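Reproduced below: upload_36.cif, with mmCIF, C-alpha atoms and all ligand atoms.
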```
data_entry
#
loop_
_atom_site.label_atom_id
_atom_site.label_comp_id
_atom_site.auth_asym_id
_atom_site.auth_seq_id
_atom_site.Cartn_x
_atom_site.Cartn_y
_atom_site.Cartn_z
CA MET A 84 34.59 -3.74 -6.54
CA HIS A 85 35.07 -1.45 -3.60
CA ASN A 86 32.12 -0.60 -1.39
CA ILE A 87 31.43 3.12 -1.52
CA MET A 88 29.67 3.46 1.86
CA ARG A 89 31.51 4.89 4.85
CA SER A 90 31.17 4.39 8.58
CA VAL A 91 29.44 7.27 10.36
CA THR A 92 26.65 7.18 12.90
CA LEU A 93 23.50 8.77 11.43
CA PRO A 94 22.52 10.27 8.08
CA ASN A 95 22.80 14.02 8.37
CA ILE A 96 19.97 15.34 6.23
CA ALA A 97 19.58 18.76 7.88
CA ASN A 98 19.98 21.50 5.23
CA LEU A 99 19.84 19.00 2.37
CA PRO A 100 17.11 18.89 -0.30
CA THR A 101 14.06 16.72 0.42
CA VAL A 102 15.26 14.24 -2.21
CA LEU A 103 18.96 13.27 -2.42
CA ARG A 104 20.08 12.89 -6.02
CA THR A 105 23.80 13.65 -6.36
CA GLY A 106 27.02 12.20 -5.08
CA ARG A 107 27.70 15.42 -3.19
CA GLN A 108 24.33 15.26 -1.41
CA LEU A 109 24.80 11.60 -0.48
CA ALA A 110 28.30 12.35 0.82
CA ASP A 111 27.05 15.36 2.80
CA ALA A 112 24.39 13.11 4.35
CA GLY A 113 27.16 10.71 5.38
CA LEU A 114 25.74 7.93 3.23
CA ILE A 115 28.82 7.53 1.03
CA ALA A 116 32.46 8.48 1.42
CA ASP A 117 33.50 11.87 0.00
CA ASP A 118 35.73 10.22 -2.58
CA ALA A 119 32.80 8.11 -3.84
CA ALA A 120 30.78 11.17 -4.94
CA LYS A 121 32.30 11.18 -8.43
CA VAL A 122 31.59 7.54 -9.21
CA THR A 123 28.07 7.97 -7.79
CA ASP A 124 27.44 10.78 -10.29
CA LEU A 125 28.85 8.60 -13.06
CA ILE A 126 26.35 5.87 -12.13
CA GLY A 127 23.61 8.54 -11.96
CA LYS A 128 24.29 9.50 -15.59
CA ARG A 129 23.45 5.93 -16.57
CA TYR A 130 20.79 4.94 -14.01
CA SER A 131 18.58 7.38 -12.12
CA VAL A 132 19.31 8.19 -8.48
CA ALA A 133 16.82 9.62 -5.97
CA ILE A 134 16.36 8.92 -2.26
CA PRO A 135 13.72 10.93 -0.35
CA ASN A 136 15.38 12.01 2.88
CA GLN A 137 12.53 10.43 4.86
CA LEU A 138 13.74 7.09 3.48
CA ALA A 139 17.42 8.01 3.86
CA THR A 140 16.91 8.37 7.62
CA LEU A 141 16.17 4.62 7.79
CA ILE A 142 19.74 3.87 6.71
CA ASN A 143 22.37 3.14 9.33
CA PRO A 144 25.50 4.52 7.64
CA ALA A 145 27.70 2.75 10.19
CA ASP A 146 26.55 -0.61 8.83
CA PRO A 147 28.25 -1.39 5.50
CA LYS A 148 25.62 -4.11 4.92
CA ASP A 149 22.58 -2.02 5.80
CA PRO A 150 19.66 -3.58 3.83
CA ILE A 151 18.00 -0.24 3.10
CA ALA A 152 21.25 1.26 1.82
CA GLN A 153 21.85 -1.78 -0.40
CA GLN A 154 18.55 -1.12 -2.17
CA PHE A 155 19.01 2.59 -2.87
CA ILE A 156 22.65 3.75 -2.59
CA PRO A 157 24.47 3.47 -5.96
CA ASN A 158 27.26 0.92 -6.08
CA ALA A 159 30.19 0.98 -8.51
CA ASP A 160 29.31 -2.60 -9.57
CA GLU A 161 26.36 -1.12 -11.50
CA LEU A 162 28.73 0.04 -14.22
CA PHE A 163 29.55 -3.58 -15.16
CA ALA A 164 27.04 -5.79 -16.96
CA LEU A 165 27.34 -9.57 -17.33
CA ASP A 166 26.70 -11.36 -20.63
CA ASP A 167 23.40 -12.77 -19.38
CA GLU A 168 22.07 -9.38 -18.26
CA HIS A 169 19.73 -7.41 -20.52
CA GLU A 170 18.48 -3.91 -21.15
CA ASP A 171 14.87 -5.16 -21.09
CA PRO A 172 15.09 -8.31 -18.93
CA ILE A 173 11.39 -9.21 -18.84
CA GLY A 174 10.71 -8.35 -22.49
CA ASP A 175 8.35 -5.36 -22.11
CA ASP A 176 9.33 -3.99 -25.50
CA VAL A 177 8.40 -7.07 -27.54
CA ARG A 178 4.94 -7.03 -25.94
CA SER A 179 4.35 -3.33 -26.39
CA PRO A 180 2.00 -2.47 -29.28
CA LEU A 181 2.11 1.22 -28.32
CA ARG A 182 4.32 3.47 -26.26
CA GLY A 183 3.34 3.29 -22.58
CA LEU A 184 1.37 0.04 -22.91
CA VAL A 185 2.39 -3.65 -22.58
CA HIS A 186 -0.05 -6.38 -23.63
CA ARG A 187 1.50 -9.67 -22.51
CA TYR A 188 -1.54 -11.65 -21.31
CA PRO A 189 -4.86 -11.59 -23.16
CA ASP A 190 -7.07 -10.22 -20.38
CA ARG A 191 -4.82 -7.52 -18.91
CA VAL A 192 -2.41 -4.77 -19.88
CA LEU A 193 0.27 -2.71 -18.19
CA LEU A 194 -0.27 1.02 -18.59
CA MET A 195 2.70 3.29 -17.82
CA PRO A 196 1.55 6.89 -17.48
CA THR A 197 4.88 8.00 -16.00
CA LEU A 198 8.41 6.69 -15.68
CA SER A 199 9.14 8.77 -12.57
CA CYS A 200 9.57 7.08 -9.20
CA PRO A 201 9.88 8.55 -5.70
CA VAL A 202 13.05 6.48 -5.21
CA TYR A 203 15.21 4.60 -7.72
CA CYS A 204 15.93 1.02 -6.68
CA ARG A 205 19.38 -0.22 -7.66
CA TYR A 206 18.00 -3.62 -8.80
CA CYS A 207 15.13 -2.17 -10.89
CA PHE A 208 14.21 -4.27 -13.95
CA ARG A 209 13.25 -1.07 -15.84
CA ARG A 210 16.35 0.81 -14.74
CA GLU A 211 17.29 1.78 -18.30
CA LYS A 212 14.05 3.74 -18.60
CA VAL A 213 12.85 4.98 -15.23
CA GLY A 214 13.57 8.62 -14.48
CA ARG A 215 14.69 9.21 -18.09
CA ASP A 216 12.70 12.00 -19.77
CA ALA A 217 13.33 10.71 -23.27
CA ALA A 218 11.60 7.42 -22.47
CA SER A 219 8.50 8.94 -20.82
CA PRO A 220 5.13 8.48 -22.52
CA SER A 221 3.41 11.72 -23.58
CA ALA A 222 -0.24 12.73 -23.07
CA ALA A 223 -0.87 11.68 -26.70
CA ASP A 224 0.69 8.27 -25.99
CA MET A 225 -1.75 7.85 -23.09
CA GLU A 226 -4.72 8.80 -25.27
CA ASN A 227 -3.63 6.20 -27.84
CA ALA A 228 -3.20 3.61 -25.09
CA ILE A 229 -6.69 4.33 -23.73
CA ASP A 230 -8.15 3.99 -27.25
CA TYR A 231 -6.33 0.65 -27.58
CA ILE A 232 -7.81 -0.61 -24.30
CA GLY A 233 -11.27 0.60 -25.39
CA ASN A 234 -10.91 -1.25 -28.71
CA HIS A 235 -9.84 -4.57 -27.14
CA SER A 236 -12.84 -6.05 -25.36
CA GLU A 237 -10.79 -9.02 -24.11
CA ILE A 238 -8.97 -6.70 -21.67
CA ARG A 239 -10.53 -6.85 -18.22
CA GLU A 240 -7.79 -5.47 -15.99
CA VAL A 241 -5.49 -2.45 -16.36
CA ILE A 242 -2.35 -2.44 -14.23
CA LEU A 243 -0.97 1.05 -13.76
CA THR A 244 2.76 0.83 -13.35
CA GLY A 245 5.82 2.66 -14.63
CA GLY A 246 7.60 4.32 -12.99
CA ASP A 247 5.22 4.91 -10.15
CA PRO A 248 1.65 5.96 -10.99
CA LEU A 249 1.30 7.68 -7.61
CA SER A 250 4.06 10.08 -8.74
CA LEU A 251 1.40 11.70 -10.96
CA SER A 252 -0.41 14.74 -9.58
CA ASP A 253 -3.81 14.06 -8.00
CA ASN A 254 -5.51 15.76 -10.94
CA ARG A 255 -3.69 13.78 -13.64
CA LEU A 256 -4.14 10.49 -11.85
CA GLY A 257 -7.82 11.18 -11.14
CA ALA A 258 -8.46 12.14 -14.79
CA LEU A 259 -6.75 8.97 -16.04
CA LEU A 260 -8.71 6.74 -13.64
CA ARG A 261 -11.98 8.36 -14.69
CA GLU A 262 -11.19 7.74 -18.37
CA LEU A 263 -10.49 4.08 -17.63
CA ASP A 264 -13.68 3.92 -15.56
CA GLU A 265 -15.66 4.73 -18.72
CA ILE A 266 -14.47 1.60 -20.55
CA PRO A 267 -17.35 -0.87 -20.19
CA HIS A 268 -15.42 -4.17 -20.51
CA LEU A 269 -12.96 -3.43 -17.66
CA SER A 270 -13.64 -5.14 -14.35
CA ASN A 271 -10.83 -3.77 -12.17
CA LEU A 272 -7.71 -1.62 -11.98
CA ARG A 273 -4.45 -2.22 -10.19
CA ILE A 274 -1.80 0.28 -9.09
CA HIS A 275 1.77 -0.90 -8.59
CA THR A 276 3.52 1.53 -6.29
CA ARG A 277 6.40 2.17 -3.94
CA VAL A 278 5.06 5.59 -2.89
CA PRO A 279 3.41 4.57 0.44
CA VAL A 280 6.83 3.20 1.51
CA ALA A 281 9.18 5.75 -0.06
CA LEU A 282 7.05 8.84 0.44
CA PRO A 283 4.18 8.05 2.84
CA SER A 284 3.28 11.75 3.15
CA ARG A 285 2.04 11.53 -0.49
CA ILE A 286 -0.94 9.45 0.72
CA THR A 287 -3.41 12.22 1.47
CA SER A 288 -7.18 12.45 1.66
CA LYS A 289 -7.13 14.28 -1.71
CA LEU A 290 -5.30 11.36 -3.29
CA ILE A 291 -7.75 8.89 -1.75
CA ASP A 292 -10.65 11.00 -3.12
CA ASN A 293 -9.14 10.74 -6.59
CA LEU A 294 -8.99 6.95 -6.28
CA GLN A 295 -12.79 6.78 -5.83
CA VAL A 296 -14.04 5.47 -9.16
CA ASN A 297 -16.61 2.77 -9.89
CA LEU A 298 -14.03 0.15 -10.87
CA PRO A 299 -12.41 -1.62 -7.91
CA ILE A 300 -8.78 -0.52 -7.49
CA TRP A 301 -6.25 -2.88 -5.91
CA THR A 302 -2.89 -1.51 -4.77
CA LEU A 303 0.31 -3.53 -4.98
CA LEU A 304 2.85 -2.19 -2.56
CA HIS A 305 6.52 -2.76 -3.39
CA VAL A 306 8.51 -3.40 -0.19
CA ASN A 307 11.47 -5.64 0.58
CA HIS A 308 12.35 -5.30 4.26
CA ALA A 309 10.33 -4.90 7.48
CA ARG A 310 12.43 -1.85 8.41
CA GLU A 311 10.81 0.01 5.51
CA LEU A 312 7.42 -0.42 7.23
CA THR A 313 7.60 2.52 9.65
CA ASN A 314 4.70 4.05 11.56
CA ASP A 315 4.25 6.61 8.77
CA VAL A 316 4.01 3.79 6.26
CA ALA A 317 1.53 1.99 8.52
CA ASN A 318 -0.62 5.16 8.56
CA ALA A 319 -0.43 5.43 4.76
CA CYS A 320 -1.57 1.80 4.42
CA ALA A 321 -4.40 2.40 6.91
CA GLN A 322 -5.57 5.44 4.92
CA LEU A 323 -5.66 3.41 1.72
CA ASN A 324 -7.47 0.52 3.40
CA GLN A 325 -9.99 2.86 5.01
CA GLY A 326 -10.45 4.56 1.63
CA GLY A 327 -11.65 1.23 0.20
CA ILE A 328 -8.40 0.44 -1.61
CA PRO A 329 -7.27 -3.09 -0.69
CA LEU A 330 -3.53 -3.72 -0.50
CA LEU A 331 -1.35 -6.57 -1.70
CA SER A 332 2.44 -6.56 -1.69
CA GLN A 333 5.24 -7.51 -4.03
CA SER A 334 8.82 -8.00 -2.89
CA VAL A 335 11.99 -8.89 -4.70
CA LEU A 336 14.22 -11.57 -3.21
CA LEU A 337 17.57 -9.77 -3.04
CA ARG A 338 20.95 -10.99 -1.88
CA GLY A 339 22.15 -8.79 0.96
CA VAL A 340 18.69 -7.34 1.60
CA ASN A 341 16.21 -10.07 2.53
CA ASP A 342 17.83 -13.41 1.60
CA ASN A 343 17.22 -15.18 4.88
CA ALA A 344 14.16 -16.76 6.52
CA LYS A 345 14.15 -14.43 9.52
CA THR A 346 14.06 -11.24 7.44
CA LEU A 347 11.40 -12.59 5.08
CA SER A 348 9.26 -13.81 8.01
CA GLU A 349 9.44 -10.40 9.70
CA LEU A 350 8.53 -8.65 6.45
CA PHE A 351 5.55 -10.84 5.61
CA ARG A 352 4.20 -10.88 9.18
CA ARG A 353 4.44 -7.11 9.46
CA LEU A 354 2.63 -6.72 6.13
CA VAL A 355 -0.26 -8.88 7.32
CA GLU A 356 -0.42 -6.84 10.55
CA LEU A 357 -0.87 -3.78 8.34
CA LYS A 358 -3.64 -5.55 6.35
CA VAL A 359 -1.41 -5.96 3.32
CA LYS A 360 -1.53 -9.47 1.83
CA PRO A 361 1.91 -10.67 0.62
CA TYR A 362 1.20 -11.51 -3.02
CA TYR A 363 4.40 -11.94 -5.06
CA LEU A 364 7.99 -12.68 -4.11
CA HIS A 365 9.95 -12.04 -7.32
CA HIS A 366 13.14 -13.82 -8.23
CA PRO A 367 15.48 -10.95 -9.22
CA ASP A 368 15.51 -10.15 -12.94
CA ARG A 369 18.65 -9.99 -15.03
CA ALA A 370 18.83 -6.24 -15.40
CA ARG A 371 22.25 -4.86 -16.34
CA GLY A 372 24.62 -4.16 -13.49
CA THR A 373 22.51 -5.95 -10.85
CA SER A 374 24.34 -9.26 -10.42
CA ARG A 375 25.28 -8.48 -6.83
CA PHE A 376 21.62 -8.93 -5.85
CA ARG A 377 21.01 -12.29 -7.54
CA LEU A 378 20.58 -15.66 -5.85
CA THR A 379 20.16 -18.94 -7.69
CA ILE A 380 16.69 -20.38 -8.06
CA ARG A 381 17.76 -23.30 -5.84
CA GLU A 382 18.78 -20.87 -3.09
CA GLY A 383 15.46 -19.03 -3.44
CA LEU A 384 13.47 -22.27 -3.36
CA ASN A 385 15.26 -23.48 -0.22
CA LEU A 386 14.44 -20.18 1.48
CA VAL A 387 10.79 -20.26 0.47
CA TYR A 388 10.48 -23.93 1.56
CA SER A 389 11.97 -22.99 4.91
CA LEU A 390 9.10 -20.55 5.49
CA ARG A 391 6.49 -23.29 5.20
CA GLY A 392 5.15 -24.10 8.65
CA ARG A 393 7.23 -21.26 10.12
CA ILE A 394 4.72 -18.52 9.20
CA SER A 395 0.99 -18.52 8.50
CA GLY A 396 -0.22 -19.28 4.98
CA LEU A 397 -1.67 -15.77 4.94
CA CYS A 398 1.90 -14.46 5.19
CA GLN A 399 3.21 -16.49 2.24
CA PRO A 400 3.44 -14.89 -1.21
CA THR A 401 3.84 -16.81 -4.45
CA TYR A 402 7.51 -17.04 -5.45
CA VAL A 403 7.70 -16.23 -9.18
CA VAL A 404 10.23 -15.65 -11.93
CA ASP A 405 9.68 -13.67 -15.11
CA ILE A 406 10.76 -15.68 -18.13
CA PRO A 407 13.34 -13.56 -19.98
CA GLY A 408 12.08 -12.40 -23.37
CA GLY A 409 8.53 -11.36 -22.48
CA PHE A 410 6.81 -14.71 -21.86
CA GLY A 411 5.36 -13.82 -18.48
CA LYS A 412 5.68 -15.07 -14.92
CA VAL A 413 5.92 -18.63 -13.65
CA PRO A 414 5.40 -19.80 -10.05
CA ILE A 415 8.76 -21.31 -9.13
CA SER A 416 7.33 -24.06 -6.91
CA GLY A 417 6.12 -25.87 -10.05
CA ILE A 418 9.28 -25.78 -12.17
CA ARG A 419 11.72 -28.63 -12.77
CA LYS A 420 15.23 -29.20 -14.03
CA THR A 421 16.10 -30.02 -17.64
CA HIS A 422 16.96 -33.71 -18.33
CA ASP A 423 20.69 -33.11 -17.94
CA GLY A 424 20.02 -31.48 -14.53
CA LYS A 425 21.97 -28.37 -15.50
CA ASN A 426 19.24 -25.80 -16.14
CA TRP A 427 15.62 -25.06 -15.23
CA LEU A 428 12.69 -25.67 -17.55
CA LEU A 429 10.03 -22.94 -17.38
CA THR A 430 6.61 -23.43 -18.99
CA ASP A 431 4.83 -20.20 -19.90
CA PHE A 432 1.06 -19.63 -19.68
CA GLU A 433 0.65 -20.77 -23.32
CA GLY A 434 2.44 -24.06 -22.69
CA ARG A 435 5.75 -23.13 -24.39
CA GLN A 436 8.88 -24.33 -22.66
CA HIS A 437 11.91 -22.15 -22.00
CA ILE A 438 15.33 -23.08 -20.66
CA TYR A 439 16.54 -20.88 -17.81
CA GLN A 440 20.32 -21.02 -17.43
CA GLU A 441 22.02 -19.86 -14.28
CA ASP A 442 25.70 -19.79 -15.18
S1 LIG B 1 9.96 1.92 -7.72
FE1 LIG B 1 9.73 0.18 -9.13
S2 LIG B 1 9.94 1.07 -11.18
FE2 LIG B 1 10.73 2.58 -9.72
S3 LIG B 1 12.93 2.18 -9.57
FE3 LIG B 1 11.97 0.98 -7.92
S4 LIG B 1 11.62 -1.05 -8.89
FE4 LIG B 1 11.97 0.42 -10.55
#
```
Output the structure of this file as structure tokens.
Ligand code: SF4
Amino acid sequence: MHNIMRSVTLPNIANLPTVLRTGRQLADAGLIADDAAKVTDLIGKRYSVAIPNQLATLINPADPKDPIAQQFIPNADELFALDDEHEDPIGDDVRSPLRGLVHRYPDRVLLMPTLSCPVYCRYCFRREKVGRDAASPSAADMENAIDYIGNHSEIREVILTGGDPLSLSDNRLGALLRELDEIPHLSNLRIHTRVPVALPSRITSKLIDNLQVNLPIWTLLHVNHARELTNDVANACAQLNQGGIPLLSQSVLLRGVNDNAKTLSELFRRLVELKVKPYYLHHPDRARGTSRFRLTIREGLNLVYSLRGRISGLCQPTYVVDIPGGFGKVPISGIRKTHDGKNWLLTDFEGRQHIYQED
């Protein structure tokens, strides 16, 4: 497919809205060619598009391989799905007893109070749902989900995800956290977010105040390239850390973005400098229209092995893959090939084996 970026020097965001959403806006910013605006809007009808202009300024439009652009600028390839790509690649739906809640592992649940994100990543594994009003859980869905958590004493951890939970207003987020704080069998909360990276100005003292509940809250920051970690992002991380909210990170291993040892080393080292512990490196999921980002597991393993000894253990996340179909994550370092050597054998947390084919 043709690449829809064009060569100009700097994004021109003056006089544009604070969040770029349409082909016309991206073209006016110099991030895509004028004649790519139509196909960009076609992609936007299918998969949400939003790039805060703060983040857009990190893109070098003169570089057709810019790693920030690859993550956020729509690409015509998204309109083509392969046979092994799925609408729900990690099987959220089969593990969802209620709208807005996923119960995959006994002691923890995912709670999705919103499906809005500050930016829409082109490789997103929930790309069929995020930013789509029809899929968003309602206030009643959240009440039902909180009742469910209250009625299941085996649940110890609630992971707020979505969408991006920090897209909620301070008041809504604070009210939700306080309701969860009342549930006696919970021992901690987690917030999965891209906000400190995509919209660092959202991290305010009012937000930090609303995160002050009795349950410990851990934040998992989604970031894939050291260039995303600007001074503003560093300040946002410092505010969270100083507010008593420890930070871990999760990154996705993406072809064309961070698929080399140098880029990964820079990312993980910078995170540790910012007091963010690299936690997960995800093998890319098989979401529809995302094949351009995928590496093979062998390629990913070779990269991760090459980091050993090169960077401190503190800088090394666990490389994991989600078993398609809803069976959870597996650390890739422990997996092996099937007897015929053609596929990978993944063992889920309940001991069931799954074959993972790559072609
Ligand atoms: S921030 Fe997360 S949920 Fe939102 S589009 Fe990016 S990967 Fe998907």
Give me, as a PyMOL selection string, the set of residues whose atoms come within 8 Å of any atom of ligand LIG 1 (chain B), counting only C-alpha atoms and all ligand atoms. chain A and resi 198-210+213+244-247+276-278+305
For each of A:Leu103, A:Tyr130, A:Gly417, A:Asn343, take the minimum atom-to-atom distance to Glu382 in chain A, counting only C-alpha atoms, then give the residue where this is smallest. A:Asn343
Nearest candidate to Pro150 in chain A (options A:Val306, A:Ile291, A:Ile418, A:Leu181; using only C-alpha atoms): A:Val306
From the list A:Ile115, A:Asn98, A:Arg215, A:His169, which residue is nearest Ile142 in chain A when using all atoms listed in the file?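 The answer is A:Ile115, which sits nearest to Ile142 in chain A.
Nearest to Ala164 in chain A of all the residues A:Gly372, A:Pro414, A:Gly396, A:Gly233 is A:Gly372, counting all atoms listed in the file.
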Counting all atoms listed in the file, closest pick from A:Asn234, A:Gln399, A:Ser250, A:Asn297 relative to Gln333 in chain A is A:Gln399
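In this model, the gap between CA of Glu240 in chain A and CA of His268 in chain A comes to 9.0 Å.
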Quick one: everything within 7 Å of Asn307 in chain A, counting all atoms listed in the file, minus sequence neighbours fewer than 2 positions away in the same chain. Send it as an MDAnalysis selection string. chainID A and resid 305 334:335 341
Output for the residues just chosen: C-alpha atoms as a PDB file, in the coordinates of the input:
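Output contents, as saved in part_17.pdb:
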```pdb
ATOM      1  CA  HIS A 305       6.520  -2.760  -3.390  1.00  0.00           C
ATOM      2  CA  SER A 334       8.820  -8.000  -2.890  1.00  0.00           C
ATOM      3  CA  VAL A 335      11.990  -8.890  -4.700  1.00  0.00           C
ATOM      4  CA  ASN A 341      16.210 -10.070   2.530  1.00  0.00           C
TER       5      ASN A 341
END
```
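Of the listed residues (A:Asn158, A:Asp167, A:Gly326, A:Ile242), A:Asp167 comes nearest to Asp368 in chain A; the distances count all atoms listed in the file.
Rounded to one decimal, CA of Gln440 in chain A and CA of Leu390 in chain A lie 25.5 Å from each other.
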Is there a way to get, as a count of residues only, all residues within 6 Å of the point (26.2, 4.2, 1.3) in file coordinates, counting all atoms listed in the file? 5
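For Ala120 in chain A, the list of residues within 6 Å, based on only C-alpha atoms and with local chain neighbours fewer than 3 positions off taken out, reads Gly106, Arg107, Asp117 and Thr123 of chain A.
In this model, the gap between CA of Thr401 in chain A and CA of Leu364 in chain A comes to 5.9 Å.
For Val359 in chain A, the set of protein, DNA and RNA residues having any atom at most 10 Å away, when counting all atoms listed in the file and skipping those fewer than 5 positions along the same chain, is Thr302, Leu303, Leu304, Ala317, Cys320, Ala321, Asn324, Pro329, Leu330, Leu331, Ser332, Phe351, Arg352, Arg353, Leu354, Leu397 and Cys398 of chain A.
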Which residues come within 7 Å of Pro279 in chain A, counting only C-alpha atoms, excluding same-chain residues fewer than 6 positions away, as JSON, numbers by chain? {"A": [286, 316, 319, 320]}
